[in-house]
There are 2 protein chains.
Amino acid sequence: MKGKPRDRLVETALRLFCRHGFHATGIDTILAEAGVAKMTLYNHFASKEALILATLRRRDAEFRGWFVREVESRSRSPRGRLAAVFDVIADWCARPGFYGCMFINASAEFHRRDDPIHVVAAENKRAVTRYLRSLAEAAGARDPKSLAEQLTVLVEGAIVLSHVYGGTAPVRRAAAAARPILEAAFGPARRSLRTRIKTPQTVRRAPRKRARPAA
Amino acid sequence: MKGKPRDRLVETALRLFCRHGFHATGIDTILAEAGVAKMTLYNHFASKEALILATLRRRDAEFRGWFVREVESRSRSPRGRLAAVFDVIADWCARPGFYGCMFINASAEFHRRDDPIHVVAAENKRAVTRYLRSLAEAAGARDPKSLAEQLTVLVEGAIVLSHVYGGTAPVRRAAAAARPILEAAFGPARRSLRTRIKTPQTVRRAPRKRARPAA
DNA sequence: AGAGACATACCGACAGGTCTGTTTATCCGC
DNA sequence: GCGGATAAACAGACCTGTCGGTATGTCTCT
């Protein structure tokens, strides 16, 4: 086994929680798969909930880092980056092991709004919106806050429906829906990205070598 | 206890599943709360999963019936009804006991796409889209299918974010995002509903006497 | 020597599900 | 209208497996 036990735990838990859900994944399964003793887990984490929180935070950092990198590698202009958001989401949803957004799933399983797990999940969504807002501001949108929140609604809807149905059709619908919104926020697009063309092939572009979050 | 045991079971399960989730709700809890013997449950349902499926189907019928009734009570024109969709969603999300969409939560907890529970949840989403499409067709939209799917993305995103954050702000954002989409599909709105006004008060209108789904 | 990871046995609680036996309600021939 | 048959719902003990979490003791690295 490579790496420190704590890291192995979080990585294994991340994978299993994504694949099977939080309640459905028992501690013993995680321990066996990570090759870690039970007492080692409880030396690092107070409880299963603490482990869940740690994996969510890890996933948050990992996902957002990846997301921002992806978006910013596809366009240099803030305006273009806003449009590219849906391409990145489409690539994500098209992955073979795509089991939906871990944070949405977490807030679905722990859906009391004051549950610490729910709170962490919400923080991820807020952070994504903040990022979109910073893009909108850089792009000179008329109302960056409103634009970012509207795009967030589209993104979340696209993720949920992609998960429920499979495939990336909902993401393309979201991209199509975003177009008039972006145009209203900026005036007509000067040069919009491949979101313009709606054939499926354009969504999954040439393979790119990039680190990708686990699910 | 009133009603047949089977109905009591489904109703109680519906309530508890909505409130605490599927995995987190044990059958003993359901039995105790419904006042039903264990063997009675297993005479009616083969397993807990069968009970979950039954509650989902019940919820599907109940919710869609309510939704259509609400939408159609708010406007007589198909165009107006499409705009009213977000008002109905806002009212729903503003309920005190709102714990998100049961079907989204179900597909989050049982997220293998071939899981029977996931399949039933997906069917609900498809049915809602079909309804929106029928409205779009009746309203003479340019591309009813596309319009319905775009609106569905907005609706799902609004529901998820309302659940994650609490409050109906995301629904208002979704309604705002829908406006240019609807205008593009029909030409400028002739008379749009209260979605036009964005102050919070307008979303929660005067209390109305109507059957409402449990959560 | 001491810290940390190891393995394993163990704990009470509860999961979903089965079995037994009793009570209650419904229906039918009389 | 009534008595008995039949089916359904009842209560509750019981099963195996697993849950999250603890305790004990050994081994392996600095």
# chains A, B, ... in the order shown; residues from 1 in each chain; ligands from 1
>>> closest_atom_pairs(of="chain D", to="range 1-23 of chain C", cutoff="9 Å", atoms="only C-alpha atoms (C1' of nucleotides)", output="JSON lines")
{"residue": "D:DA9", "atom": "C1'", "partner": "C:DT23", "partner_atom": "C1'", "distance": 8.5}
{"residue": "D:DC10", "atom": "C1'", "partner": "C:DT23", "partner_atom": "C1'", "distance": 6.5}
{"residue": "D:DA11", "atom": "C1'", "partner": "C:DT22", "partner_atom": "C1'", "distance": 8.3}
{"residue": "D:DA13", "atom": "C1'", "partner": "C:DT20", "partner_atom": "C1'", "distance": 8.8}
{"residue": "D:DC14", "atom": "C1'", "partner": "C:DC19", "partner_atom": "C1'", "distance": 7.9}
{"residue": "D:DC15", "atom": "C1'", "partner": "C:DT18", "partner_atom": "C1'", "distance": 7.3}
{"residue": "D:DG17", "atom": "C1'", "partner": "C:DA15", "partner_atom": "C1'", "distance": 8.2}
{"residue": "D:DT18", "atom": "C1'", "partner": "C:DA15", "partner_atom": "C1'", "distance": 7.3}
{"residue": "D:DC19", "atom": "C1'", "partner": "C:DC14", "partner_atom": "C1'", "distance": 7.5}
{"residue": "D:DG21", "atom": "C1'", "partner": "C:DC11", "partner_atom": "C1'", "distance": 8.4}
{"residue": "D:DT22", "atom": "C1'", "partner": "C:DC11", "partner_atom": "C1'", "distance": 7.4}
{"residue": "D:DA23", "atom": "C1'", "partner": "C:DC10", "partner_atom": "C1'", "distance": 7.8}
{"residue": "D:DT24", "atom": "C1'", "partner": "C:DA9", "partner_atom": "C1'", "distance": 8.6}
{"residue": "D:DT26", "atom": "C1'", "partner": "C:DC6", "partner_atom": "C1'", "distance": 7.7}
{"residue": "D:DC27", "atom": "C1'", "partner": "C:DC6", "partner_atom": "C1'", "distance": 6.8}
{"residue": "D:DT28", "atom": "C1'", "partner": "C:DA5", "partner_atom": "C1'", "distance": 8.3}
{"residue": "D:DC29", "atom": "C1'", "partner": "C:DG4", "partner_atom": "C1'", "distance": 8.8}
>>> write_last_selection(atoms="C-alpha atoms (C1' of nucleotides)", output="mmCIF file, in the first residue's frame")
data_model
loop_
_atom_site.group_PDB
_atom_site.id
_atom_site.type_symbol
_atom_site.label_atom_id
_atom_site.label_comp_id
_atom_site.auth_asym_id
_atom_site.auth_seq_id
_atom_site.Cartn_x
_atom_site.Cartn_y
_atom_site.Cartn_z
ATOM 1 C "C1'" DA D 9 -54.184 -8.013 10.622
ATOM 2 C "C1'" DC D 10 -52.470 -8.450 14.938
ATOM 3 C "C1'" DA D 11 -48.262 -8.927 18.611
ATOM 4 C "C1'" DA D 13 -40.210 -13.600 19.703
ATOM 5 C "C1'" DC D 14 -36.524 -14.785 16.905
ATOM 6 C "C1'" DC D 15 -32.960 -15.248 13.012
ATOM 7 C "C1'" DG D 17 -25.781 -10.233 9.346
ATOM 8 C "C1'" DT D 18 -23.874 -5.811 9.731
ATOM 9 C "C1'" DC D 19 -23.573 -1.389 11.667
ATOM 10 C "C1'" DG D 21 -17.277 2.036 17.595
ATOM 11 C "C1'" DT D 22 -13.994 0.110 21.465
ATOM 12 C "C1'" DA D 23 -10.442 -2.641 23.724
ATOM 13 C "C1'" DT D 24 -6.301 -5.363 23.742
ATOM 14 C "C1'" DT D 26 1.719 -7.188 18.824
ATOM 15 C "C1'" DC D 27 4.774 -5.537 15.414
ATOM 16 C "C1'" DT D 28 7.565 -2.255 12.962
ATOM 17 C "C1'" DC D 29 9.617 1.539 12.177
#
>>> interface_residues(of="chain B", to="chain D", cutoff="10 Å", atoms="only C-alpha atoms (C1' of nucleotides)", output="number ranges by chain")
B: 5, 35-41, 43
>>> interface_residues(of="chain B", to="chain C", cutoff="8 Å", atoms="only C-alpha atoms (C1' of nucleotides)", output="PyMOL selection string")
chain B and resi 26-27+48
>>> interface_residues(of="chain B", to="chain A", cutoff="7 Å", atoms="only C-alpha atoms", output="PyMOL selection string")
chain B and resi 21+23+99+105+107-109+111+122+149-150+153-154+156-158+164-165+170+173-174+177+180-181
>>> write_last_selection(atoms="C-alpha atoms", output="PDB file, in the first residue's frame")
ATOM      1  CA  GLY B  21     -34.122   9.353   3.500  1.00  0.00           C
ATOM      2  CA  HIS B  23     -31.463   4.067   3.937  1.00  0.00           C
ATOM      3  CA  TYR B  99     -36.738  18.330   1.893  1.00  0.00           C
ATOM      4  CA  ASN B 105     -33.074  12.106  -3.551  1.00  0.00           C
ATOM      5  CA  SER B 107     -31.725   8.597  -7.566  1.00  0.00           C
ATOM      6  CA  ALA B 108     -28.976  10.021  -5.388  1.00  0.00           C
ATOM      7  CA  GLU B 109     -29.279   7.235  -2.836  1.00  0.00           C
ATOM      8  CA  HIS B 111     -27.580   5.870  -8.157  1.00  0.00           C
ATOM      9  CA  ALA B 122     -36.254   8.893 -13.832  1.00  0.00           C
ATOM     10  CA  GLU B 149     -36.209  20.090 -21.945  1.00  0.00           C
ATOM     11  CA  GLN B 150     -34.601  23.428 -21.304  1.00  0.00           C
ATOM     12  CA  VAL B 153     -33.201  21.711 -16.640  1.00  0.00           C
ATOM     13  CA  LEU B 154     -34.119  25.012 -15.026  1.00  0.00           C
ATOM     14  CA  GLU B 156     -34.450  20.672 -11.612  1.00  0.00           C
ATOM     15  CA  GLY B 157     -31.642  23.090 -10.937  1.00  0.00           C
ATOM     16  CA  ALA B 158     -34.003  25.332  -9.037  1.00  0.00           C
ATOM     17  CA  VAL B 164     -29.352  22.907  -0.664  1.00  0.00           C
ATOM     18  CA  TYR B 165     -29.616  26.547   0.331  1.00  0.00           C
ATOM     19  CA  PRO B 170     -32.870  29.857  -6.930  1.00  0.00           C
ATOM     20  CA  ARG B 173     -33.292  32.900 -10.742  1.00  0.00           C
ATOM     21  CA  ALA B 174     -34.612  30.035 -12.776  1.00  0.00           C
ATOM     22  CA  ALA B 177     -33.483  32.610 -16.837  1.00  0.00           C
ATOM     23  CA  PRO B 180     -35.507  35.015 -22.516  1.00  0.00           C
ATOM     24  CA  ILE B 181     -35.887  31.363 -23.425  1.00  0.00           C
TER      25      ILE B 181
END
>>> atom_distance(atom1="CA of Tyr42 in chain A", atom2="CA of Arg57 in chain A")
18.4 Å
>>> atom_distance(atom1="CA of Val10 in chain B", atom2="CA of Ala50 in chain B")
10.7 Å
>>> atom_distance(atom1="CA of Arg64 in chain A", atom2="CA of Arg81 in chain A")
14.7 Å
>>> select_by_dssp(residues="range 31-173 of chain A", states="helix (DSSP H, G or I)", output="PyMOL selection string")
chain A and resi 31-34+38-44+48-74+78-93+102-109+116-138+144-165+169-173
